[in-house]
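*Asks:* Hey, dropping upload04.cif in here, mmCIF, C-alpha atoms:
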```
data_work
#
loop_
_atom_site.label_atom_id
_atom_site.label_comp_id
_atom_site.auth_asym_id
_atom_site.auth_seq_id
_atom_site.Cartn_x
_atom_site.Cartn_y
_atom_site.Cartn_z
CA MET Z 9 -1.63 -16.22 6.12
CA THR Z 10 -0.69 -17.92 2.88
CA GLU Z 11 -0.69 -16.27 -0.53
CA GLU Z 12 -3.67 -18.29 -1.75
CA ASN Z 13 -5.63 -17.00 1.25
CA ASN Z 14 -4.67 -13.47 0.29
CA ASN Z 15 -5.90 -13.29 -3.29
CA GLY Z 16 -2.38 -13.19 -4.73
CA PHE Z 17 -1.09 -10.49 -2.36
CA ARG Z 18 2.36 -11.39 -1.06
CA HIS Z 19 2.68 -8.47 1.36
CA VAL Z 20 0.28 -8.59 4.31
CA ILE Z 21 0.71 -6.87 7.66
CA PRO Z 22 -1.55 -6.72 10.71
CA LEU Z 23 -2.99 -3.28 11.44
CA GLN Z 24 -3.76 -1.82 14.84
CA ILE Z 25 -7.05 -0.06 15.51
CA ARG Z 26 -6.49 2.77 17.98
CA PHE Z 27 -9.04 4.18 20.41
CA ASN Z 28 -9.33 7.45 18.46
CA ASP Z 29 -9.94 5.60 15.17
CA VAL Z 30 -13.44 4.65 16.30
CA ASP Z 31 -16.32 7.12 16.02
CA LYS Z 32 -19.44 7.41 18.18
CA PHE Z 33 -21.19 4.76 16.05
CA GLY Z 34 -18.63 2.15 17.14
CA HIS Z 35 -16.91 1.71 13.79
CA VAL Z 36 -13.64 2.93 12.31
CA ASN Z 37 -14.11 6.28 10.57
CA ASN Z 38 -13.54 6.11 6.82
CA THR Z 39 -10.78 8.75 6.95
CA ILE Z 40 -8.69 6.35 9.04
CA TYR Z 41 -8.56 3.78 6.22
CA PHE Z 42 -6.07 6.01 4.39
CA GLN Z 43 -3.79 5.82 7.44
CA PHE Z 44 -4.06 2.03 7.26
CA TYR Z 45 -3.06 2.17 3.59
CA ASP Z 46 -0.10 4.47 4.39
CA THR Z 47 1.11 2.09 7.10
CA ALA Z 48 0.89 -0.91 4.78
CA LYS Z 49 2.63 0.76 1.83
CA THR Z 50 5.41 2.13 4.04
CA ASP Z 51 6.10 -1.39 5.29
CA TYR Z 52 5.88 -2.75 1.74
CA PHE Z 53 8.58 -0.44 0.40
CA ALA Z 54 10.80 -0.88 3.45
CA SER Z 55 10.56 -4.67 2.98
CA VAL Z 56 10.79 -4.91 -0.80
CA CYS Z 57 13.01 -2.01 -1.88
CA LYS Z 58 16.23 -2.38 0.07
CA GLY Z 59 18.85 0.36 0.05
CA VAL Z 60 16.60 3.28 -0.96
CA ASP Z 61 17.84 6.60 0.42
CA TRP Z 62 14.55 7.97 1.76
CA GLU Z 63 16.29 11.29 2.49
CA ARG Z 64 16.65 11.78 -1.29
CA VAL Z 65 13.73 9.81 -2.73
CA GLY Z 66 10.06 10.34 -2.03
CA ILE Z 67 6.89 8.68 -3.22
CA MET Z 68 3.95 10.94 -3.96
CA VAL Z 69 0.31 10.00 -4.45
CA VAL Z 70 -1.11 11.58 -7.62
CA LYS Z 71 -4.41 9.69 -7.68
CA ILE Z 72 -6.19 7.61 -5.06
CA GLU Z 73 -9.56 5.88 -5.02
CA ALA Z 74 -11.07 3.84 -2.21
CA GLU Z 75 -14.15 1.67 -1.93
CA PHE Z 76 -15.62 1.13 1.51
CA LEU Z 77 -17.22 -2.31 1.36
CA ALA Z 78 -17.96 -3.21 5.00
CA GLN Z 79 -17.66 -1.66 8.45
CA ILE Z 80 -14.66 -2.21 10.67
CA LYS Z 81 -15.62 -2.33 14.34
CA ALA Z 82 -13.38 -1.39 17.26
CA ASN Z 83 -12.67 -5.01 18.20
CA SER Z 84 -11.96 -6.19 14.63
CA ARG Z 85 -8.69 -7.89 13.79
CA ILE Z 86 -7.54 -6.48 10.46
CA ALA Z 87 -4.60 -6.58 8.06
CA GLY Z 88 -3.42 -4.52 5.12
CA ARG Z 89 -2.50 -6.16 1.82
CA THR Z 90 -0.35 -4.32 -0.72
CA ARG Z 91 0.95 -5.03 -4.19
CA VAL Z 92 2.36 -3.16 -7.15
CA VAL Z 93 0.34 -4.10 -10.23
CA LYS Z 94 1.98 -1.90 -12.88
CA ILE Z 95 5.28 -0.02 -13.18
CA GLY Z 96 5.92 2.81 -15.62
CA HIS Z 97 9.04 4.95 -16.07
CA LYS Z 98 8.31 7.33 -13.18
CA SER Z 99 5.02 6.06 -11.80
CA PHE Z 100 3.44 2.88 -10.56
CA GLN Z 101 0.00 1.58 -9.69
CA LEU Z 102 -0.57 0.22 -6.22
CA GLU Z 103 -3.47 -1.99 -5.15
CA GLN Z 104 -4.34 -2.36 -1.47
CA ASP Z 105 -7.01 -4.01 0.66
CA VAL Z 106 -7.93 -3.91 4.31
CA ILE Z 107 -9.23 -7.32 5.33
CA ASP Z 108 -10.64 -9.08 8.36
CA ILE Z 109 -7.89 -11.49 9.45
CA GLU Z 110 -10.27 -14.20 10.61
CA THR Z 111 -12.79 -14.22 7.74
CA GLN Z 112 -10.64 -12.77 4.92
CA GLU Z 113 -13.54 -10.40 4.14
CA VAL Z 114 -12.35 -7.36 2.21
CA LYS Z 115 -13.45 -4.31 4.19
CA SER Z 116 -12.02 -1.70 1.84
CA ARG Z 117 -10.14 -1.62 -1.45
CA CYS Z 118 -7.80 1.11 -2.67
CA MET Z 119 -6.10 1.85 -5.98
CA SER Z 120 -3.51 4.58 -6.23
CA ILE Z 121 -1.09 5.94 -8.78
CA MET Z 122 2.14 7.15 -7.33
CA VAL Z 123 5.28 8.81 -8.68
CA LEU Z 124 8.87 8.75 -7.56
CA TYR Z 125 10.12 12.14 -6.51
CA ASP Z 126 13.68 13.48 -6.21
CA LEU Z 127 13.54 15.51 -2.99
CA GLU Z 128 16.86 17.27 -3.63
CA HIS Z 129 15.97 18.53 -7.12
CA GLN Z 130 12.20 18.83 -6.46
CA GLN Z 131 11.16 16.87 -9.54
CA THR Z 132 9.87 13.48 -10.56
CA MET Z 133 12.44 10.81 -11.23
CA GLU Z 134 12.66 7.51 -13.08
CA PHE Z 135 12.80 4.12 -11.41
CA THR Z 136 16.29 2.82 -10.91
CA ASP Z 137 16.98 -0.56 -12.51
CA GLU Z 138 17.60 -2.01 -9.04
CA TRP Z 139 14.31 -0.81 -7.57
CA ARG Z 140 12.37 -2.00 -10.62
CA ARG Z 141 14.09 -5.40 -10.41
CA GLN Z 142 13.33 -5.78 -6.69
CA ILE Z 143 9.62 -5.01 -7.13
CA CYS Z 144 9.24 -7.21 -10.23
CA GLU Z 145 10.98 -10.14 -8.55
CA TYR Z 146 8.94 -9.78 -5.39
CA GLU Z 147 5.63 -9.49 -7.23
CA GLY Z 148 6.44 -12.00 -9.95
CA ILE Z 149 5.62 -9.50 -12.69
CA GLU Z 150 7.42 -9.05 -15.98
CA GLN Z 151 10.08 -6.38 -15.95
CA THR Z 152 9.55 -3.66 -18.56
CA THR Z 153 11.55 -0.54 -19.32
#
```
Would you mind writing the structure in this file as structure tokens?
*Replies:*
Amino acid sequence: MTEENNNGFRHVIPLQIRFNDVDKFGHVNNTIYFQFYDTAKTDYFASVCKGVDWERVGIMVVKIEAEFLAQIKANSRIAGRTRVVKIGHKSFQLEQDVIDIETQEVKSRCMSIMVLYDLEHQQTMEFTDEWRRQICEYEGIEQTT
């Protein structure tokens, strides 16, 4: 899938629908969408932010909003798209979609605000220059401090 087919999202991964994700109505339960978003953002940060010590650094959701636009059926082929749209000193805004791979239809959209967290000292922490640079370069956004 090319970037122009993905509405400017550079990070896109296929998502697997599991047997238990589907309810008795034959569609994916809306609570499962948040698992899709977690899978996609985990892959995003593993791919984009190299060298992060995940034993010391955590990422915490402080606000999350999702829109459920269309049903996902058990036999759907879906993907998760993720991008960072804004970076602050300690927080960032993440935009994500779940899409149908074949039609590019957006099934759900999610916006979240997340903070970096120092697991050792149990407090929020600022972005390192390296992590900020990696995200800004990947996303093609202007680096601010």
*Asks:* Going by the chain IDs and residue numbers used in this file, which residues fall under the PyMOL selection byres ((chain Z and resi 19-33) around 7)? Write them as a ChimeraX atom specification.
*Replies:* /Z:17-18,34-37,40,44,48,52,82,86-91
*Asks:* Taking the file as shown, find all residues satisfying the PyMOL selection byres ((chain Z and resi 128-131) around 12) and write them as a PyMOL selection string.
*Replies:* chain Z and resi 61-68+98+123-127+132-134
*Asks:* Starting from the displayed file, determine the output of the PyMOL selection byres ((chain Z and resi 108-117) around 6) and express the residue list as a ChimeraX atom specification.
*Replies:* /Z:74-78,85-86,104-107,118
*Asks:* Can you tell me how far atom CA of Z:Lys94 sits from atom CA of Z:Thr50, in Å to one decimal?
*Replies:* 17.7 Å
*Asks:* Using all atoms listed in the file for the distances, tell me which of Z:Ile80, Z:Val92, Z:Ile149, Z:Met122 is nearest to Z:Tyr41.
*Replies:* Z:Ile80
*Asks:* Enter the distance from atom CA of Z:Arg141 to atom CA of Z:Ile72, in Å, rounded to one decimal.
*Replies:* 24.7 Å
*Asks:* Please indicate the distance in Å from atom CA of Z:Val56 to atom CA of Z:Asn15, rounded to one decimal place.
*Replies:*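 Atom-to-atom, atom CA of Z:Val56 to atom CA of Z:Asn15, that is 18.8 Å.
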*Asks:* Using all atoms listed in the file, which of the listed residues (Z:Glu73, Z:Ala54, Z:Gly148, Z:Ser84) sits closest to Z:Glu103?
*Replies:*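 So, comparing all the options, the nearest one is Z:Glu73.
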